[in-house]
file final_17.cif (mmCIF, C-alpha atoms; chains and numbers go by the auth columns)
data_structure
loop_
_atom_site.group_PDB
_atom_site.id
_atom_site.type_symbol
_atom_site.label_atom_id
_atom_site.label_comp_id
_atom_site.label_asym_id
_atom_site.label_seq_id
_atom_site.Cartn_x
_atom_site.Cartn_y
_atom_site.Cartn_z
_atom_site.B_iso_or_equiv
_atom_site.auth_seq_id
_atom_site.auth_asym_id
ATOM 1 C CA ASP A 1 0.000 0.000 0.000 0.00 398 A
ATOM 2 C CA PHE A 2 1.496 3.282 -1.094 0.00 399 A
ATOM 3 C CA GLY A 3 0.730 6.711 0.269 0.00 400 A
ATOM 4 C CA ASN A 4 1.776 10.339 0.330 0.00 401 A
ATOM 5 C CA PHE A 5 3.790 11.603 3.280 0.00 402 A
ATOM 6 C CA ASP A 6 4.027 15.239 4.426 0.00 403 A
ATOM 7 C CA VAL A 7 6.054 15.224 7.643 0.00 404 A
ATOM 8 C CA ARG A 8 7.399 17.995 9.847 0.00 405 A
ATOM 9 C CA LEU A 9 10.318 17.080 12.087 0.00 406 A
ATOM 10 C CA THR A 10 11.323 19.382 14.950 0.00 407 A
ATOM 11 C CA VAL A 11 14.761 18.864 16.468 0.00 408 A
ATOM 12 C CA PRO A 12 17.158 20.912 18.583 0.00 409 A
ATOM 13 C CA LYS A 13 19.186 23.488 16.649 0.00 410 A
ATOM 14 C CA GLY A 14 22.496 22.030 15.489 0.00 411 A
ATOM 15 C CA TYR A 15 21.125 18.608 14.550 0.00 412 A
ATOM 16 C CA THR A 16 21.376 17.270 11.013 0.00 413 A
ATOM 17 C CA VAL A 17 18.193 15.639 9.748 0.00 414 A
ATOM 18 C CA GLY A 18 17.722 13.108 6.975 0.00 415 A
ATOM 19 C CA ALA A 19 14.429 11.579 5.928 0.00 416 A
ATOM 20 C CA THR A 20 12.409 9.853 3.265 0.00 417 A
ATOM 21 C CA GLY A 21 11.639 12.227 0.419 0.00 418 A
ATOM 22 C CA GLU A 22 12.473 15.803 -0.399 0.00 419 A
ATOM 23 C CA LEU A 23 13.108 18.680 1.954 0.00 420 A
ATOM 24 C CA ALA A 24 10.269 21.108 1.186 0.00 421 A
ATOM 25 C CA GLY A 25 11.246 24.714 1.722 0.00 422 A
ATOM 26 C CA THR A 26 13.730 26.133 4.173 0.00 423 A
ATOM 27 C CA PRO A 27 13.823 24.722 7.715 0.00 424 A
ATOM 28 C CA VAL A 28 12.288 27.108 10.257 0.00 425 A
ATOM 29 C CA GLU A 29 14.102 27.963 13.485 0.00 426 A
ATOM 30 C CA ARG A 30 12.171 28.943 16.596 0.00 427 A
ATOM 31 C CA ASP A 31 12.954 28.803 20.318 0.00 428 A
ATOM 32 C CA GLY A 32 16.191 26.870 19.823 0.00 429 A
ATOM 33 C CA LYS A 33 14.547 24.243 17.655 0.00 430 A
ATOM 34 C CA VAL A 34 14.440 23.716 13.902 0.00 431 A
ATOM 35 C CA THR A 35 11.478 22.296 11.994 0.00 432 A
ATOM 36 C CA SER A 36 12.090 20.664 8.618 0.00 433 A
ATOM 37 C CA ARG A 37 9.352 19.488 6.286 0.00 434 A
ATOM 38 C CA TYR A 38 9.789 16.392 4.111 0.00 435 A
ATOM 39 C CA VAL A 39 7.339 15.286 1.444 0.00 436 A
ATOM 40 C CA GLN A 40 7.214 12.148 -0.664 0.00 437 A
ATOM 41 C CA GLY A 41 4.444 10.571 -2.671 0.00 438 A
ATOM 42 C CA ASP A 42 3.959 6.987 -3.772 0.00 439 A
ATOM 43 C CA VAL A 43 5.925 5.271 -0.991 0.00 440 A
ATOM 44 C CA HIS A 44 4.980 2.571 1.488 0.00 441 A
ATOM 45 C CA ASP A 45 6.907 3.839 4.509 0.00 442 A
ATOM 46 C CA PHE A 46 8.644 6.866 6.050 0.00 443 A
ATOM 47 C CA ALA A 47 11.895 6.914 8.034 0.00 444 A
ATOM 48 C CA TRP A 48 14.131 9.637 9.412 0.00 445 A
ATOM 49 C CA THR A 49 17.220 10.313 11.472 0.00 446 A
ATOM 50 C CA ALA A 50 18.600 13.261 13.445 0.00 447 A
ATOM 51 C CA ASP A 51 21.976 13.568 15.131 0.00 448 A
ATOM 52 C CA LYS A 52 24.100 16.468 16.332 0.00 449 A
ATOM 53 C CA ARG A 53 27.260 14.446 15.654 0.00 450 A
ATOM 54 C CA TYR A 54 26.816 14.127 11.878 0.00 451 A
ATOM 55 C CA ALA A 55 29.478 15.671 9.700 0.00 452 A
ATOM 56 C CA LYS A 56 28.422 17.873 6.793 0.00 453 A
ATOM 57 C CA PRO A 57 26.457 15.505 4.520 0.00 454 A
ATOM 58 C CA LEU A 58 28.274 14.257 1.447 0.00 455 A
ATOM 59 C CA THR A 59 26.061 14.958 -1.571 0.00 456 A
ATOM 60 C CA ARG A 60 26.152 14.503 -5.309 0.00 457 A
ATOM 61 C CA THR A 61 23.592 14.715 -8.069 0.00 458 A
ATOM 62 C CA TRP A 62 22.982 11.715 -10.322 0.00 459 A
ATOM 63 C CA ASN A 63 21.359 12.517 -13.640 0.00 460 A
ATOM 64 C CA GLY A 64 18.919 9.722 -14.307 0.00 461 A
ATOM 65 C CA PRO A 65 16.290 9.094 -16.957 0.00 462 A
ATOM 66 C CA ASN A 66 13.610 10.815 -14.835 0.00 463 A
ATOM 67 C CA GLY A 67 15.822 13.818 -14.084 0.00 464 A
ATOM 68 C CA PRO A 68 18.319 14.662 -11.379 0.00 465 A
ATOM 69 C CA VAL A 69 18.435 12.698 -8.125 0.00 466 A
ATOM 70 C CA LEU A 70 20.056 14.235 -5.034 0.00 467 A
ATOM 71 C CA VAL A 71 22.189 11.536 -3.381 0.00 468 A
ATOM 72 C CA SER A 72 23.185 12.226 0.238 0.00 469 A
ATOM 73 C CA VAL A 73 25.265 10.310 2.757 0.00 470 A
ATOM 74 C CA LEU A 74 24.928 11.078 6.469 0.00 471 A
ATOM 75 C CA TYR A 75 27.782 9.944 8.693 0.00 472 A
ATOM 76 C CA THR A 76 29.625 10.821 11.861 0.00 473 A
ATOM 77 C CA PRO A 77 33.254 12.005 11.605 0.00 474 A
ATOM 78 C CA GLU A 78 34.726 8.677 12.759 0.00 475 A
ATOM 79 C CA TYR A 79 33.360 7.130 9.544 0.00 476 A
ATOM 80 C CA ASP A 80 34.310 9.891 7.112 0.00 477 A
ATOM 81 C CA PHE A 81 36.407 7.401 5.103 0.00 478 A
ATOM 82 C CA ASN A 82 33.262 5.303 4.489 0.00 479 A
ATOM 83 C CA ALA A 83 31.163 8.173 3.114 0.00 480 A
ATOM 84 C CA GLU A 84 32.641 8.361 -0.398 0.00 481 A
ATOM 85 C CA PRO A 85 32.477 4.578 -1.012 0.00 482 A
ATOM 86 C CA VAL A 86 28.827 4.520 0.163 0.00 483 A
ATOM 87 C CA LEU A 87 28.040 7.498 -2.065 0.00 484 A
ATOM 88 C CA GLN A 88 29.653 5.843 -5.089 0.00 485 A
ATOM 89 C CA ALA A 89 27.955 2.491 -4.448 0.00 486 A
ATOM 90 C CA THR A 90 24.608 4.305 -4.190 0.00 487 A
ATOM 91 C CA ILE A 91 25.179 6.114 -7.489 0.00 488 A
ATOM 92 C CA ASP A 92 26.287 2.867 -9.126 0.00 489 A
ATOM 93 C CA SER A 93 23.112 1.236 -7.766 0.00 490 A
ATOM 94 C CA LEU A 94 20.928 3.997 -9.158 0.00 491 A
ATOM 95 C CA GLN A 95 22.447 3.448 -12.584 0.00 492 A
ATOM 96 C CA TYR A 96 22.320 -0.339 -12.509 0.00 493 A
ATOM 97 C CA PHE A 97 18.789 -0.697 -11.150 0.00 494 A
ATOM 98 C CA SER A 98 17.463 2.027 -13.451 0.00 495 A
ATOM 99 C CA ASP A 99 19.042 0.331 -16.463 0.00 496 A
ATOM 100 C CA THR A 100 17.851 -3.115 -15.400 0.00 497 A
ATOM 101 C CA LEU A 101 14.434 -2.591 -13.762 0.00 498 A
ATOM 102 C CA GLY A 102 13.300 0.818 -14.946 0.00 499 A
ATOM 103 C CA PRO A 103 13.953 4.443 -14.045 0.00 500 A
ATOM 104 C CA TYR A 104 14.339 5.397 -10.394 0.00 501 A
ATOM 105 C CA PRO A 105 11.054 7.213 -9.689 0.00 502 A
ATOM 106 C CA TYR A 106 12.136 9.602 -6.913 0.00 503 A
ATOM 107 C CA LYS A 107 14.200 12.795 -6.670 0.00 504 A
ATOM 108 C CA THR A 108 16.286 11.835 -3.626 0.00 505 A
ATOM 109 C CA VAL A 109 18.079 8.966 -1.970 0.00 506 A
ATOM 110 C CA THR A 110 19.738 9.206 1.440 0.00 507 A
ATOM 111 C CA ALA A 111 22.212 6.678 2.847 0.00 508 A
ATOM 112 C CA VAL A 112 23.027 6.769 6.560 0.00 509 A
ATOM 113 C CA ILE A 113 26.175 5.259 8.047 0.00 510 A
ATOM 114 C CA PRO A 114 25.253 4.566 11.688 0.00 511 A
ATOM 115 C CA PRO A 115 27.552 6.059 14.324 0.00 512 A
ATOM 116 C CA TYR A 116 30.024 4.044 16.367 0.00 513 A
ATOM 117 C CA GLY A 117 28.218 1.646 18.694 0.00 514 A
ATOM 118 C CA ALA A 118 25.055 1.545 16.587 0.00 515 A
ATOM 119 C CA ASP A 119 26.036 -1.250 14.210 0.00 516 A
ATOM 120 C CA GLU A 120 22.638 -2.900 14.682 0.00 517 A
ATOM 121 C CA ALA A 121 21.063 0.083 12.907 0.00 518 A
ATOM 122 C CA GLY A 122 22.932 -0.736 9.700 0.00 519 A
ATOM 123 C CA GLY A 123 21.224 -2.662 6.945 0.00 520 A
ATOM 124 C CA MET A 124 17.709 -1.196 6.966 0.00 521 A
ATOM 125 C CA GLU A 125 15.813 0.008 3.914 0.00 522 A
ATOM 126 C CA TYR A 126 12.975 2.430 3.371 0.00 523 A
ATOM 127 C CA PRO A 127 11.819 4.296 0.276 0.00 524 A
ATOM 128 C CA THR A 128 14.513 6.852 -0.725 0.00 525 A
ATOM 129 C CA PHE A 129 16.321 6.198 2.582 0.00 526 A
ATOM 130 C CA PHE A 130 18.494 3.344 3.882 0.00 527 A
ATOM 131 C CA THR A 131 21.176 2.580 6.418 0.00 528 A
ATOM 132 C CA ALA A 132 24.501 1.214 5.263 0.00 529 A
ATOM 133 C CA ASP A 133 27.293 -0.359 7.271 0.00 530 A
ATOM 134 C CA SER A 134 30.855 0.741 7.975 0.00 531 A
ATOM 135 C CA THR A 135 34.279 -0.824 7.743 0.00 532 A
ATOM 136 C CA ALA A 136 37.869 -0.062 8.621 0.00 533 A
ATOM 137 C CA GLN A 137 38.947 -1.528 5.249 0.00 534 A
ATOM 138 C CA VAL A 138 37.801 0.803 2.477 0.00 535 A
ATOM 139 C CA GLY A 139 40.660 0.160 0.067 0.00 536 A
ATOM 140 C CA PRO A 140 39.649 -1.285 -3.307 0.00 537 A
ATOM 141 C CA GLY A 141 39.787 -5.079 -3.327 0.00 538 A
ATOM 142 C CA THR A 142 39.627 -5.517 0.447 0.00 539 A
ATOM 143 C CA ALA A 143 37.064 -7.740 2.114 0.00 540 A
ATOM 144 C CA GLY A 144 35.728 -4.781 4.090 0.00 541 A
ATOM 145 C CA ARG A 145 35.198 -2.693 0.967 0.00 542 A
ATOM 146 C CA PHE A 146 33.447 -5.597 -0.750 0.00 543 A
ATOM 147 C CA ALA A 147 31.112 -5.955 2.250 0.00 544 A
ATOM 148 C CA LEU A 148 30.476 -2.192 2.375 0.00 545 A
ATOM 149 C CA ASP A 149 29.647 -2.038 -1.338 0.00 546 A
ATOM 150 C CA PHE A 150 27.546 -5.196 -1.173 0.00 547 A
ATOM 151 C CA GLY A 151 25.561 -3.965 1.827 0.00 548 A
ATOM 152 C CA THR A 152 24.942 -0.565 0.243 0.00 549 A
ATOM 153 C CA ILE A 153 23.785 -2.081 -3.049 0.00 550 A
ATOM 154 C CA HIS A 154 21.675 -4.654 -1.208 0.00 551 A
ATOM 155 C CA GLU A 155 19.817 -2.118 0.957 0.00 552 A
ATOM 156 C CA PHE A 156 19.333 0.308 -1.921 0.00 553 A
ATOM 157 C CA GLY A 157 17.959 -2.591 -3.958 0.00 554 A
ATOM 158 C CA HIS A 158 15.338 -3.389 -1.329 0.00 555 A
ATOM 159 C CA GLY A 159 14.100 0.168 -1.399 0.00 556 A
ATOM 160 C CA PHE A 160 14.131 0.470 -5.176 0.00 557 A
ATOM 161 C CA HIS A 161 10.465 0.879 -6.027 0.00 558 A
ATOM 162 C CA GLY A 162 9.752 -0.661 -2.611 0.00 559 A
ATOM 163 C CA MET A 163 9.147 -4.005 -4.276 0.00 560 A
ATOM 164 C CA LEU A 164 12.358 -6.010 -4.186 0.00 561 A
ATOM 165 C CA SER A 165 12.859 -8.765 -1.657 0.00 562 A
ATOM 166 C CA ASP A 166 15.766 -10.905 -0.555 0.00 563 A
ATOM 167 C CA VAL A 167 17.250 -13.095 -3.227 0.00 564 A
ATOM 168 C CA THR A 168 18.849 -16.389 -2.298 0.00 565 A
ATOM 169 C CA TYR A 169 21.742 -17.454 -4.478 0.00 566 A
ATOM 170 C CA PRO A 170 22.739 -21.117 -4.908 0.00 567 A
#
call {"tool": "encode", "arguments": {"input": "final_17.cif", "output": "structure tokens"}}
result
Amino acid sequence: DFGNFDVRLTVPKGYTVGATGELAGTPVERDGKVTSRYVQGDVHDFAWTADKRYAKPLTRTWNGPNGPVLVSVLYTPEYDFNAEPVLQATIDSLQYFSDTLGPYPYKTVTAVIPPYGADEAGGMEYPTFFTADSTAQVGPGTAGRFALDFGTIHEFGHGFHGMLSDVTYP
């Protein structure tokens, strides 16, 4: 069942927020708090995160068949070396899944690398929003990098059109 979400999130000033969908308008500050509005149509779920420890989000625009898609990675400074690989794996996923299954239908996708001590939060998927993992081994060809790329692609894949499920390989 798909629906349209129009959500206002109010957090203390200084927190970085990420959520399903697009940020609508400029966040409004009042009494030491900031309210951000996110909207997204045709999705089956809504998820969000807020943390004062996040570094400046890493963002890039991917130009897909349905127009530009804002790709963002939220991460805490201790995982700054994971942000670029997660961003690239997300962009590669956008291209592959769009070429294989049809155009990505949304204007945003946000990947979150959970902070230290929150490993259990990694590996969750929602429409336009998912949590990745982290690794100390981000060098090309390392086992850690393979796992990071695989996990990112896997979670993005679940959220792609909200219709993919686990695949078991022989």
call {"tool": "closest_residue", "arguments": {"input": "final_17.cif", "among": "A:Glu426, A:Glu522, A:Glu517, A:Glu481", "to": "Ser469 in chain A", "atoms": "all atoms listed in the file"}}
result
A:Glu481
call {"tool": "resolve_selection", "arguments": {"input": "final_17.cif", "expression": "the PyMOL selection byres ((chain A and resi 511) around 10)", "output": "number ranges by chain"}}
result
A: 446, 451, 471-473, 476, 508-510, 512-520, 528-531
call {"tool": "atom_distance", "arguments": {"input": "final_17.cif", "atom1": "CA of Pro474 in chain A", "atom2": "CA of Gln534 in chain A"}}
result
16.0 Å
call {"tool": "closest_residue", "arguments": {"input": "final_17.cif", "among": "A:Val408, A:Ala444, A:Val431, A:Ile550", "to": "Val483 in chain A", "atoms": "all atoms listed in the file"}}
result
A:Ile550
call {"tool": "closest_residue", "arguments": {"input": "final_17.cif", "among": "A:Val535, A:Ala480, A:Leu491, A:Val468", "to": "Gly554 in chain A", "atoms": "all atoms listed in the file"}}
result
A:Leu491
call {"tool": "resolve_selection", "arguments": {"input": "final_17.cif", "expression": "the PyMOL selection byres ((chain A and resi 434) around 9)", "output": "PyMOL selection string"}}
result
chain A and resi 403-407+419-424+432-433+435-436
call {"tool": "write_last_selection", "arguments": {"input": "final_17.cif", "atoms": "C-alpha atoms", "output": "short mmCIF file (atom, residue, chain, number, x, y, z; two decimals), keeping the file's coordinate frame"}}
result
data_model
loop_
_atom_site.label_atom_id
_atom_site.label_comp_id
_atom_site.auth_asym_id
_atom_site.auth_seq_id
_atom_site.Cartn_x
_atom_site.Cartn_y
_atom_site.Cartn_z
CA ASP A 403 4.03 15.24 4.43
CA VAL A 404 6.05 15.22 7.64
CA ARG A 405 7.40 18.00 9.85
CA LEU A 406 10.32 17.08 12.09
CA THR A 407 11.32 19.38 14.95
CA GLU A 419 12.47 15.80 -0.40
CA LEU A 420 13.11 18.68 1.95
CA ALA A 421 10.27 21.11 1.19
CA GLY A 422 11.25 24.71 1.72
CA THR A 423 13.73 26.13 4.17
CA PRO A 424 13.82 24.72 7.72
CA THR A 432 11.48 22.30 11.99
CA SER A 433 12.09 20.66 8.62
CA TYR A 435 9.79 16.39 4.11
CA VAL A 436 7.34 15.29 1.44
#
call {"tool": "residues_near_point", "arguments": {"input": "final_17.cif", "point": "(12.2, 13.6, -3.1)", "cutoff": "8 Å", "atoms": "all atoms listed in the file", "output": "VMD selection string"}}
result
chain A and resid 417 to 420 436 to 437 503 to 506 525
call {"tool": "closest_residue", "arguments": {"input": "final_17.cif", "among": "A:Thr487, A:Asn401, A:Thr532, A:Thr497", "to": "Thr458 in chain A", "atoms": "all atoms listed in the file"}}
result
A:Thr487
call {"tool": "closest_residue", "arguments": {"input": "final_17.cif", "among": "A:Gly499, A:Gly536, A:Gly411, A:Gly548", "to": "Lys453 in chain A", "atoms": "all atoms listed in the file"}}
result
A:Gly411
call {"tool": "atom_distance", "arguments": {"input": "final_17.cif", "atom1": "CA of Asn479 in chain A", "atom2": "CA of His551 in chain A"}}
result
16.3 Å
call {"tool": "resolve_selection", "arguments": {"input": "final_17.cif", "expression": "the PyMOL selection byres ((chain A and resi 494) around 12)", "output": "ChimeraX atom specification"}}
result
/A:461-462,486-493,495-502,550-551,553-558,561
call {"tool": "residues_around", "arguments": {"input": "final_17.cif", "residues": "Asp439 in chain A", "least_positions_apart": "5", "cutoff": "9 Å", "atoms": "all atoms listed in the file", "output": "mmCIF file with C-alpha atoms, keeping the file's coordinate frame"}}
result
data_model
loop_
_atom_site.group_PDB
_atom_site.id
_atom_site.type_symbol
_atom_site.label_atom_id
_atom_site.label_comp_id
_atom_site.auth_asym_id
_atom_site.auth_seq_id
_atom_site.Cartn_x
_atom_site.Cartn_y
_atom_site.Cartn_z
ATOM 1 C CA ASP A 398 0.000 0.000 0.000
ATOM 2 C CA PHE A 399 1.496 3.282 -1.094
ATOM 3 C CA GLY A 400 0.730 6.711 0.269
ATOM 4 C CA ASN A 401 1.776 10.339 0.330
ATOM 5 C CA PHE A 402 3.790 11.603 3.280
#
call {"tool": "atom_distance", "arguments": {"input": "final_17.cif", "atom1": "CA of Phe443 in chain A", "atom2": "CA of Pro409 in chain A"}}
result
20.7 Å
call {"tool": "closest_residue", "arguments": {"input": "final_17.cif", "among": "A:Glu552, A:Asp477, A:Asp546, A:Asp428", "to": "Tyr523 in chain A", "atoms": "all atoms listed in the file"}}
result
A:Glu552
call {"tool": "axis_aligned_box", "arguments": {"input": "final_17.cif", "around": "range 441-446 of chain A", "padding_each_side": "6 Å", "output": "AutoDock Vina command-line options"}}
result
--center_x 11.1 --center_y 6.4 --center_z 6.5 --size_x 24.2 --size_y 19.7 --size_z 22.0
call {"tool": "decode", "arguments": {"input": "final_17.cif", "residues": "range 509-520 of chain A", "atoms": "N, CA, C and O atoms", "output": "mmCIF file, in the first residue's frame"}}
result
data_model
loop_
_atom_site.group_PDB
_atom_site.id
_atom_site.type_symbol
_atom_site.label_atom_id
_atom_site.label_comp_id
_atom_site.auth_asym_id
_atom_site.auth_seq_id
_atom_site.Cartn_x
_atom_site.Cartn_y
_atom_site.Cartn_z
ATOM 1 N N VAL A 509 22.555 6.406 5.227
ATOM 2 C CA VAL A 509 23.027 6.769 6.560
ATOM 3 C C VAL A 509 24.019 5.713 7.025
ATOM 4 O O VAL A 509 23.706 4.520 7.008
ATOM 5 N N ILE A 510 25.198 6.150 7.425
ATOM 6 C CA ILE A 510 26.175 5.259 8.047
ATOM 7 C C ILE A 510 25.992 5.435 9.550
ATOM 8 O O ILE A 510 26.253 6.515 10.086
ATOM 9 N N PRO A 511 25.509 4.410 10.254
ATOM 10 C CA PRO A 511 25.253 4.566 11.688
ATOM 11 C C PRO A 511 26.522 4.923 12.457
ATOM 12 O O PRO A 511 27.625 4.506 12.088
ATOM 13 N N PRO A 512 26.377 5.684 13.529
ATOM 14 C CA PRO A 512 27.552 6.059 14.324
ATOM 15 C C PRO A 512 28.141 4.874 15.078
ATOM 16 O O PRO A 512 27.512 3.813 15.191
ATOM 17 N N TYR A 513 29.338 5.073 15.594
ATOM 18 C CA TYR A 513 30.024 4.044 16.367
ATOM 19 C C TYR A 513 29.110 3.545 17.487
ATOM 20 O O TYR A 513 28.468 4.328 18.176
ATOM 21 N N GLY A 514 29.039 2.243 17.639
ATOM 22 C CA GLY A 514 28.218 1.646 18.694
ATOM 23 C C GLY A 514 26.781 1.384 18.274
ATOM 24 O O GLY A 514 26.000 0.857 19.059
ATOM 25 N N ALA A 515 26.428 1.755 17.056
ATOM 26 C CA ALA A 515 25.055 1.545 16.587
ATOM 27 C C ALA A 515 25.036 0.633 15.367
ATOM 28 O O ALA A 515 24.216 0.793 14.462
ATOM 29 N N ASP A 516 25.925 -0.346 15.355
ATOM 30 C CA ASP A 516 26.036 -1.250 14.210
ATOM 31 C C ASP A 516 24.718 -1.950 13.886
ATOM 32 O O ASP A 516 24.434 -2.246 12.727
ATOM 33 N N GLU A 517 23.907 -2.206 14.910
ATOM 34 C CA GLU A 517 22.638 -2.900 14.682
ATOM 35 C C GLU A 517 21.684 -2.084 13.821
ATOM 36 O O GLU A 517 20.730 -2.614 13.249
ATOM 37 N N ALA A 518 21.919 -0.783 13.720
ATOM 38 C CA ALA A 518 21.063 0.083 12.907
ATOM 39 C C ALA A 518 21.423 0.008 11.426
ATOM 40 O O ALA A 518 20.687 0.509 10.585
ATOM 41 N N GLY A 519 22.534 -0.601 11.099
ATOM 42 C CA GLY A 519 22.932 -0.736 9.700
ATOM 43 C C GLY A 519 22.113 -1.819 9.010
ATOM 44 O O GLY A 519 21.662 -2.779 9.628
ATOM 45 N N GLY A 520 21.907 -1.636 7.716
ATOM 46 C CA GLY A 520 21.224 -2.662 6.945
ATOM 47 C C GLY A 520 19.708 -2.588 7.010
ATOM 48 O O GLY A 520 19.037 -3.607 7.065
#
